[in-house]
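Structure record follows, encoded as structure tokens.
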Amino acid sequence: MLFEHSEEGDTPCLGIFQGEVLRFPKEAMHDDKGEKLKVPHMGWNNVHQAMGHPLWAGIEDGSRFYYVHSYFVQPTTPDNVAGFSHYPFPFTSAVASGNIFAVQFHPEKSAQAGLTLLGNFITWDPFNARQSACDMAGTCA
């Protein structure tokens with residue numbers, strides 16, 4: 001919904017982020033051994049942090065989160081990509097800008113990493129100067 005267009009139902013969306021929502025292409029859905037990968041993508045997958053952000057505080061880069069999805073976002077530019085995963089190719093799994101932080105995975109089903117993310121969200125003040133500087137510097141210590 002946050003991007004400009006979705007292949008799901010050929011739907012115009014809100015356009016808050018530039019780019020589109022695409023379905024995982026059948027022809028690309030195989031692993032390194034040639035085994036077919038299922039769509040929807042269901043299960044645990046690593047999330048690699050692409051930018052520092054207060055919501056990543058206390059979460060190791062590459063932590064595993066739980067997914068159930070058949071579509072992924074394709075941003076026009078990497079400027080707002082906060083995280084990415086692989087299935088079987090890299091795809092954006094988190095985007096952030098200003099007071100928006102959106103994820104493709106289910107934090108509520110993602111054990112400790114998900115609980116940490118939700119806890120960070122509850123205490124996050126996107127208008128706090130220190131947190132904004134943290135975001136821009138790419139570090140959140």
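Each chain in the structure tokens gets a letter, A, B and so on, in the order shown; residues start at 1 in every chain, and ligands are counted from 1 in the order they appear.
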
TODO: Might you pull out every residue within 6 Å of Gln18 of chain A, with only C-alpha atoms counted and same-chain residues fewer than 2 positions away left off, and present them as an MDAnalysis selection string?
DONE: chainID A and resid 3:4 75:76

Please dump the current selection as an mmCIF file, in the first residue's frame; keep N, CA and C atoms.
```cif
data_model
loop_
_atom_site.group_PDB
_atom_site.id
_atom_site.type_symbol
_atom_site.label_atom_id
_atom_site.label_comp_id
_atom_site.auth_asym_id
_atom_site.auth_seq_id
_atom_site.Cartn_x
_atom_site.Cartn_y
_atom_site.Cartn_z
ATOM 1 N N PHE A 3 3.629 1.892 -1.560
ATOM 2 C CA PHE A 3 4.313 2.182 -2.811
ATOM 3 C C PHE A 3 3.318 2.687 -3.855
ATOM 4 N N GLU A 4 3.781 2.903 -5.070
ATOM 5 C CA GLU A 4 2.949 3.526 -6.098
ATOM 6 C C GLU A 4 1.959 2.570 -6.748
ATOM 7 N N PRO A 75 11.632 -0.935 -4.591
ATOM 8 C CA PRO A 75 11.766 0.521 -4.560
ATOM 9 C C PRO A 75 12.491 1.025 -5.812
ATOM 10 N N THR A 76 12.159 2.247 -6.214
ATOM 11 C CA THR A 76 12.823 2.860 -7.364
ATOM 12 C C THR A 76 14.275 3.170 -7.040
#
```

Open item on the list: Please list as a ChimeraX atom specification every residue within 10 Å of Ser110 of chain A, counting only C-alpha atoms and excluding residues in the same chain fewer than 2 positions away.
Closed with: /A:43-45,63-67,105-108,112-117

For the residues selected in the previous step, produce a file with N, CA and C atoms as a JSON list (two decimals), in the first residue's frame.
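Writing the result to result-v4.json gives the following:
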```json
[["chain", "number", "residue", "atom", "x", "y", "z"],
["A", 43, "GLY", "N", 7.91, -18.97, 6.46],
["A", 43, "GLY", "CA", 8.94, -19.48, 7.36],
["A", 43, "GLY", "C", 9.92, -18.40, 7.76],
["A", 44, "TRP", "N", 11.00, -18.86, 8.38],
["A", 44, "TRP", "CA", 12.01, -17.98, 8.94],
["A", 44, "TRP", "C", 13.02, -17.60, 7.87],
["A", 45, "ASN", "N", 13.48, -16.34, 7.93],
["A", 45, "ASN", "CA", 14.50, -15.87, 7.00],
["A", 45, "ASN", "C", 15.30, -14.76, 7.68],
["A", 63, "SER", "N", 19.45, -11.21, 11.88],
["A", 63, "SER", "CA", 18.49, -11.92, 12.74],
["A", 63, "SER", "C", 17.37, -12.50, 11.88],
["A", 64, "ARG", "N", 16.77, -13.57, 12.40],
["A", 64, "ARG", "CA", 15.71, -14.25, 11.66],
["A", 64, "ARG", "C", 14.34, -13.73, 12.08],
["A", 65, "PHE", "N", 13.51, -13.50, 11.07],
["A", 65, "PHE", "CA", 12.13, -13.07, 11.26],
["A", 65, "PHE", "C", 11.22, -14.00, 10.47],
["A", 66, "TYR", "N", 9.94, -14.03, 10.83],
["A", 66, "TYR", "CA", 8.98, -14.95, 10.22],
["A", 66, "TYR", "C", 8.20, -14.27, 9.10],
["A", 67, "TYR", "N", 8.13, -14.95, 7.97],
["A", 67, "TYR", "CA", 7.45, -14.43, 6.77],
["A", 67, "TYR", "C", 6.28, -15.30, 6.35],
["A", 105, "PHE", "N", 7.91, -8.81, 6.92],
["A", 105, "PHE", "CA", 7.78, -9.96, 7.81],
["A", 105, "PHE", "C", 6.78, -9.68, 8.93],
["A", 106, "HIS", "N", 6.53, -10.67, 9.75],
["A", 106, "HIS", "CA", 5.59, -10.56, 10.87],
["A", 106, "HIS", "C", 6.38, -10.45, 12.19],
["A", 107, "PRO", "N", 6.57, -9.24, 12.72],
["A", 107, "PRO", "CA", 7.32, -9.14, 13.97],
["A", 107, "PRO", "C", 6.62, -9.86, 15.13],
["A", 108, "GLU", "N", 5.29, -9.88, 15.12],
["A", 108, "GLU", "CA", 4.55, -10.51, 16.22],
["A", 108, "GLU", "C", 4.72, -12.03, 16.26],
["A", 112, "GLN", "N", 12.18, -13.41, 19.80],
["A", 112, "GLN", "CA", 12.81, -12.31, 20.51],
["A", 112, "GLN", "C", 13.11, -11.12, 19.61],
["A", 113, "ALA", "N", 13.58, -11.37, 18.39],
["A", 113, "ALA", "CA", 13.89, -10.26, 17.48],
["A", 113, "ALA", "C", 12.63, -9.45, 17.19],
["A", 114, "GLY", "N", 11.53, -10.13, 16.99],
["A", 114, "GLY", "CA", 10.26, -9.44, 16.72],
["A", 114, "GLY", "C", 9.78, -8.65, 17.93],
["A", 115, "LEU", "N", 9.91, -9.25, 19.11],
["A", 115, "LEU", "CA", 9.51, -8.53, 20.33],
["A", 115, "LEU", "C", 10.37, -7.30, 20.55],
["A", 116, "THR", "N", 11.66, -7.42, 20.26],
["A", 116, "THR", "CA", 12.56, -6.27, 20.39],
["A", 116, "THR", "C", 12.16, -5.17, 19.42],
["A", 117, "LEU", "N", 11.87, -5.54, 18.18],
["A", 117, "LEU", "CA", 11.44, -4.55, 17.19],
["A", 117, "LEU", "C", 10.16, -3.85, 17.64]]
```

Task: Test item, alpha helix (DSSP H) assignment across segment 7-115 of chain A, answer as a list in words - done: Ala111, Gln112, Ala113, Gly114 and Leu115 of chain A

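Between atom CA of Met51 of chain A and atom CA of Ser6 of chain A there is a distance of 24.7 Å.
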
- [ ] Please identify all polymer residues within 6 Å of Ser85 of chain A, counting only C-alpha atoms, omitting same-chain residues fewer than 4 positions from it, and present them as a ChimeraX atom specification.
- [x] /A:46-47,90-91

Each residue of segment 67-123 of chain A lying at most 9 Å from segment 26-30 of chain A should get a row with its shortest atom-to-atom pair and the distance in Å to one decimal, counting only C-alpha atoms; could you produce that, ordered by chain and increasing number, as JSON lines?
```
{"residue": "A:Tyr87", "atom": "CA", "partner": "A:Met29", "partner_atom": "CA", "distance": 7.8}
{"residue": "A:Pro88", "atom": "CA", "partner": "A:Met29", "partner_atom": "CA", "distance": 6.5}
{"residue": "A:Phe89", "atom": "CA", "partner": "A:Ala28", "partner_atom": "CA", "distance": 8.3}
```

Selection export as an mmCIF file, in the first residue's frame, atoms kept: C-alpha atoms:
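Contents of the output file out-v3.cif:
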```
data_model
loop_
_atom_site.group_PDB
_atom_site.id
_atom_site.type_symbol
_atom_site.label_atom_id
_atom_site.label_comp_id
_atom_site.auth_asym_id
_atom_site.auth_seq_id
_atom_site.Cartn_x
_atom_site.Cartn_y
_atom_site.Cartn_z
ATOM 1 C CA TYR A 87 14.356 -15.732 -1.416
ATOM 2 C CA PRO A 88 16.052 -16.766 -3.751
ATOM 3 C CA PHE A 89 17.223 -13.283 -4.771
#
```

Open item on the list: List the spatial neighbours of Asn120 of chain A as a list in words - criterion: any atom at most 12 Å away, only C-alpha atoms, same-chain residues fewer than 5 positions off excluded.
Closed with: His53, Pro54, Leu55, Trp56, Ala57, Gly58, Ile59, Phe101, Pro107, Ala113, Gly114, Leu115, Asp125, Pro126, Gln131 and Cys140 of chain A

Write the residues of the selection above to a file with N, CA and C atoms, as an mmCIF file, in the first residue's frame.
```cif
data_model
loop_
_atom_site.group_PDB
_atom_site.id
_atom_site.type_symbol
_atom_site.label_atom_id
_atom_site.label_comp_id
_atom_site.auth_asym_id
_atom_site.auth_seq_id
_atom_site.Cartn_x
_atom_site.Cartn_y
_atom_site.Cartn_z
ATOM 1 N N HIS A 53 18.950 2.397 12.210
ATOM 2 C CA HIS A 53 17.635 2.956 12.546
ATOM 3 C C HIS A 53 17.333 2.606 13.997
ATOM 4 N N PRO A 54 16.674 3.488 14.736
ATOM 5 C CA PRO A 54 16.345 3.190 16.130
ATOM 6 C C PRO A 54 15.540 1.900 16.308
ATOM 7 N N LEU A 55 14.764 1.498 15.336
ATOM 8 C CA LEU A 55 13.977 0.271 15.490
ATOM 9 C C LEU A 55 14.837 -0.988 15.403
ATOM 10 N N TRP A 56 16.051 -0.876 14.872
ATOM 11 C CA TRP A 56 16.968 -2.022 14.836
ATOM 12 C C TRP A 56 17.767 -2.145 16.137
ATOM 13 N N ALA A 57 17.647 -1.210 17.065
ATOM 14 C CA ALA A 57 18.436 -1.240 18.310
ATOM 15 C C ALA A 57 18.243 -2.568 19.040
ATOM 16 N N GLY A 58 19.359 -3.197 19.397
ATOM 17 C CA GLY A 58 19.312 -4.456 20.141
ATOM 18 C C GLY A 58 19.020 -5.677 19.281
ATOM 19 N N ILE A 59 18.947 -5.514 17.963
ATOM 20 C CA ILE A 59 18.676 -6.627 17.049
ATOM 21 C C ILE A 59 19.916 -6.839 16.190
ATOM 22 N N PHE A 101 8.237 3.314 9.350
ATOM 23 C CA PHE A 101 9.097 2.132 9.319
ATOM 24 C C PHE A 101 8.160 0.966 9.042
ATOM 25 N N PRO A 107 6.573 -9.243 12.718
ATOM 26 C CA PRO A 107 7.319 -9.141 13.975
ATOM 27 C C PRO A 107 6.621 -9.857 15.129
ATOM 28 N N ALA A 113 13.583 -11.373 18.391
ATOM 29 C CA ALA A 113 13.892 -10.258 17.479
ATOM 30 C C ALA A 113 12.634 -9.448 17.185
ATOM 31 N N GLY A 114 11.527 -10.128 16.986
ATOM 32 C CA GLY A 114 10.263 -9.442 16.724
ATOM 33 C C GLY A 114 9.780 -8.655 17.926
ATOM 34 N N LEU A 115 9.910 -9.249 19.107
ATOM 35 C CA LEU A 115 9.512 -8.534 20.327
ATOM 36 C C LEU A 115 10.375 -7.297 20.553
ATOM 37 N N ASP A 125 10.607 7.742 19.120
ATOM 38 C CA ASP A 125 10.122 9.101 18.888
ATOM 39 C C ASP A 125 10.827 9.608 17.632
ATOM 40 N N PRO A 126 10.193 9.484 16.460
ATOM 41 C CA PRO A 126 10.871 9.846 15.213
ATOM 42 C C PRO A 126 11.204 11.331 15.104
ATOM 43 N N GLN A 131 17.551 10.583 17.927
ATOM 44 C CA GLN A 131 17.179 9.437 17.114
ATOM 45 C C GLN A 131 17.305 9.763 15.632
ATOM 46 N N CYS A 140 23.229 3.226 15.964
ATOM 47 C CA CYS A 140 22.207 3.427 17.003
ATOM 48 C C CYS A 140 22.668 2.888 18.340
#
```

- [ ] Name the closest residue to Gly52 of chain A among the candidates A:Gly83, A:Gly34, A:Pro25, A:Pro78; distances are taken between atoms, counting only C-alpha atoms.
- [x] A:Gly83

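Considering the residues A:Asn128, A:Phe72, A:Leu37, A:Asp79 and counting only C-alpha atoms, Ser93 of chain A has its shortest atom-to-atom contact with A:Phe72.
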
Task: Residue list (strand (DSSP E), DSSP) for chain A, as a ChimeraX atom specification - done: /A:5-6,11-12,19-23,41-46,48-49,64-69,71-75,81-86,90-97,100-103

If you count only C-alpha atoms, which residues fall within 9 Å of Asn80 of chain A, apart from same-chain ones fewer than 6 positions away, as a PDB file with N, CA and C atoms, in the first residue's frame?
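Wrote it out as part-v6.pdb, contents follow:
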```pdb
ATOM      1  N   PHE A  17       6.111   5.844  -0.973  1.00  0.00           N
ATOM      2  CA  PHE A  17       7.439   5.457  -1.448  1.00  0.00           C
ATOM      3  C   PHE A  17       7.361   5.228  -2.949  1.00  0.00           C
ATOM      4  N   MET A  51      20.392  -0.008   6.767  1.00  0.00           N
ATOM      5  CA  MET A  51      20.636   1.327   7.325  1.00  0.00           C
ATOM      6  C   MET A  51      20.495   1.251   8.840  1.00  0.00           C
ATOM      7  N   ALA A  94      12.331  -4.270   4.597  1.00  0.00           N
ATOM      8  CA  ALA A  94      11.984  -3.167   5.494  1.00  0.00           C
ATOM      9  C   ALA A  94      12.306  -1.852   4.792  1.00  0.00           C
ATOM     10  N   VAL A  95      11.426  -0.885   4.955  1.00  0.00           N
ATOM     11  CA  VAL A  95      11.647   0.463   4.419  1.00  0.00           C
ATOM     12  C   VAL A  95      11.427   1.477   5.536  1.00  0.00           C
ATOM     13  N   ALA A  96      12.127   2.606   5.429  1.00  0.00           N
ATOM     14  CA  ALA A  96      12.000   3.634   6.459  1.00  0.00           C
ATOM     15  C   ALA A  96      12.220   5.012   5.856  1.00  0.00           C
ATOM     16  N   SER A  97      11.459   5.959   6.361  1.00  0.00           N
ATOM     17  CA  SER A  97      11.624   7.363   6.011  1.00  0.00           C
ATOM     18  C   SER A  97      10.842   8.193   7.023  1.00  0.00           C
TER      19      SER A  97
END
```

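Atom CA of Ala50 of chain A lies 4.8 Å from atom CA of Ala82 of chain A.
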